Amino acid sequence: VEAPFADPFFELALLGRAEHGPLAERLLDEVGLDVEYRATGILRVARTEAERADLQRQYRWQSARGLAAEWVDSDDLGRREPLLSGVAGRLLAGGLWLADEGQVRSPRLVQALALAAAQRGARIMEGAWVVRLCVSGGRVTGVQTPSGTVGADSVVLAAGVWSPDLARGIDLEVPVQPVKGQVVSLRGLGKRPRQVIWSGECYLVPRPDGEVVLGATEEEGNYDARPTLAGLHRLTEAALEVVPAAGGFVVDGVWAGLRPAAPDRYPIIGWAPGVEGLFLATAHYRNGVLLGPLTGRRVADRILAGAPPGEFAPFGPDRFI
């Protein structure tokens with residue numbers, strides 16, 4: 001959960017995190033696919049005294065909130081994470097161990113959710129690019145694709161960085177911009193972190209199959225979803241600063257994606273003003289995987305059962321539109 005202090009978004013993120021364990025079990029039972037959810041914990045490390053002070057503030061308020069948070073002095077980092085033993089750990093200023101944090105393999109999660117939805121009668125139209133929203137008399141009536149119109153009583157606009165383009169077609173301004181993130185897939189050749197290691201500039205995520213994911217850059221306003229040498233250099237430099245042993249890891253692949261970000265970096269969830277039947281669910285920024293299952297369930301409740309906004313109330317479109 002990324003949050004520098006306790007606020008409504010932090011509470012929302014905790015609810016989102018709590019969805020993943022039970023959901024992973026259900027998906028394994030229903031569709032036979034392991035989404036690789038693992039509560040491996042996260043070790044956040046400080047490289048400077050300023051970062052140390054910031055992490056200690058987080059430690060204090062998360063402990064007061066009753067969460068599993070433990071401060072780790074620089075001399076003890078090697079016991080928590082062998083890759084930070086010796087000089088590597090002593091060069092750091094300390095760390096914050098968050099035992100309840102987890103990870104999931106997002107492509108598998110998407111695949112498993114799609115299979116489960118199809119089993120329940122959902123029709124998934126892959127490759128059917130939506131070119132515009134159809135609106136008549138102030139109400140959404142469906143979406144237009146290159147192969148025809150798909151009618152609907154309600155439409156959820158969850159198109160990520162492309163949400164503004166579709167909204168603009170019906171004279172609705174949705175303030176979302178892309179924040180590009182580049183990622184490197186590594187193989188540790190027998191060495192890999194025990195848990196997620198997170199610094200101010202990068203993170204290292206160990207996967208069950210031996211992969212180590214190194215991410216991710218933050219490049220605002222960039223719609224080019226291709227990896228660049230400069231971006232990969234920033235990532236590898238940041239990783240080596242924290243985990244020098246990563247220099248022996250083998251590069252297995254690189255990729256990039258576009259995060260949808262609102263000006264305040266919080267999601268935009270709620271009914272679109274002035275367009276009956278159109279629901280916005282976008283701008284999840286760095287928290288799409290974390291909040292995705294919770295968002296989907298709550299959006300369905302609001303559309304099908306008229307449920308109130310609940311914990312999503314502070315993140316409605318009315319703060320921008």
# chains A, B, ... in the order shown; residues from 1 in each chain; ligands from 1
call {"tool": "closest_atom_pairs", "arguments": {"of": "region 107-174 of chain A", "to": "region 2-24 of chain A", "cutoff": "10 Å", "atoms": "only C-alpha atoms", "output": "tab-separated table"}}
result
residue	atom	partner	partner_atom	distance
A:Leu109	CA	A:Ala24	CA	8.1
A:Ala112	CA	A:Ala24	CA	9.1
A:Leu113	CA	A:Leu23	CA	9.5
call {"tool": "residues_around", "arguments": {"residues": "Val289 (chain A)", "least_positions_apart": "2", "cutoff": "9 Å", "atoms": "only C-alpha atoms", "output": "VMD selection string"}}
result
chain A and resid 104 106 109 284 286 to 287 291 to 293
call {"tool": "write_last_selection", "arguments": {"atoms": "C-alpha atoms", "output": "PDB file, in the first residue's frame"}}
result
ATOM      1  CA  VAL A 104       0.168 -11.037  -7.460  1.00  0.00           C
ATOM      2  CA  SER A 106      -1.217  -9.389 -12.835  1.00  0.00           C
ATOM      3  CA  LEU A 109      -5.114 -12.301 -12.517  1.00  0.00           C
ATOM      4  CA  HIS A 284      -6.006   4.200 -10.747  1.00  0.00           C
ATOM      5  CA  ARG A 286       0.028   2.964  -9.669  1.00  0.00           C
ATOM      6  CA  ASN A 287      -2.761   1.108  -7.872  1.00  0.00           C
ATOM      7  CA  LEU A 291      -7.689  -1.691  -6.333  1.00  0.00           C
ATOM      8  CA  GLY A 292      -8.966  -3.506  -9.433  1.00  0.00           C
ATOM      9  CA  PRO A 293     -10.953  -6.314  -7.756  1.00  0.00           C
TER      10      PRO A 293
END
call {"tool": "residues_around", "arguments": {"residues": "region 167-176 of chain A", "least_positions_apart": "3", "cutoff": "12 Å", "atoms": "only C-alpha atoms", "output": "ChimeraX atom specification"}}
result
/A:130-140,143-144,155-164,179,220-221,258-270,272-275,278-285,316-321
call {"tool": "select_by_dssp", "arguments": {"residues": "region 4-246 of chain A", "states": "helix (DSSP H, G or I)", "output": "ChimeraX atom specification"}}
result
/A:8-31,49-64,74-80,82-84,87-90,106-119,160-168,229-242,244-246
call {"tool": "select_by_dssp", "arguments": {"residues": "region 47-193 of chain A", "states": "strand (DSSP E or B)", "output": "PyMOL selection string"}}
result
chain A and resi 69-72+94-98+103+132-136+139-145+148-151+155-157+177-187
call {"tool": "residues_around", "arguments": {"residues": "Leu92 (chain A)", "least_positions_apart": "2", "cutoff": "8 Å", "atoms": "only C-alpha atoms", "output": "PDB file with C-alpha atoms, in the first residue's frame"}}
result
ATOM      1  CA  VAL A  45      14.638   0.827   2.548  1.00  0.00           C
ATOM      2  CA  ALA A  46      15.994   4.328   3.157  1.00  0.00           C
ATOM      3  CA  ARG A  47      19.070   5.508   1.279  1.00  0.00           C
ATOM      4  CA  THR A  48      19.383   8.871   3.020  1.00  0.00           C
ATOM      5  CA  SER A  74      20.760  -0.663   8.966  1.00  0.00           C
ATOM      6  CA  ALA A  88      25.203  -3.214   1.108  1.00  0.00           C
ATOM      7  CA  GLY A  89      23.070  -2.962   4.248  1.00  0.00           C
ATOM      8  CA  ARG A  90      25.391  -0.642   6.163  1.00  0.00           C
ATOM      9  CA  GLY A  94      17.411   1.649   7.720  1.00  0.00           C
ATOM     10  CA  VAL A 242      20.322  -0.561  -3.181  1.00  0.00           C
TER      11      VAL A 242
END
call {"tool": "closest_residue", "arguments": {"among": "A:Val110, A:Gln58, A:Ala116, A:Thr295", "to": "Arg26 (chain A)", "atoms": "only C-alpha atoms"}}
result
A:Ala116
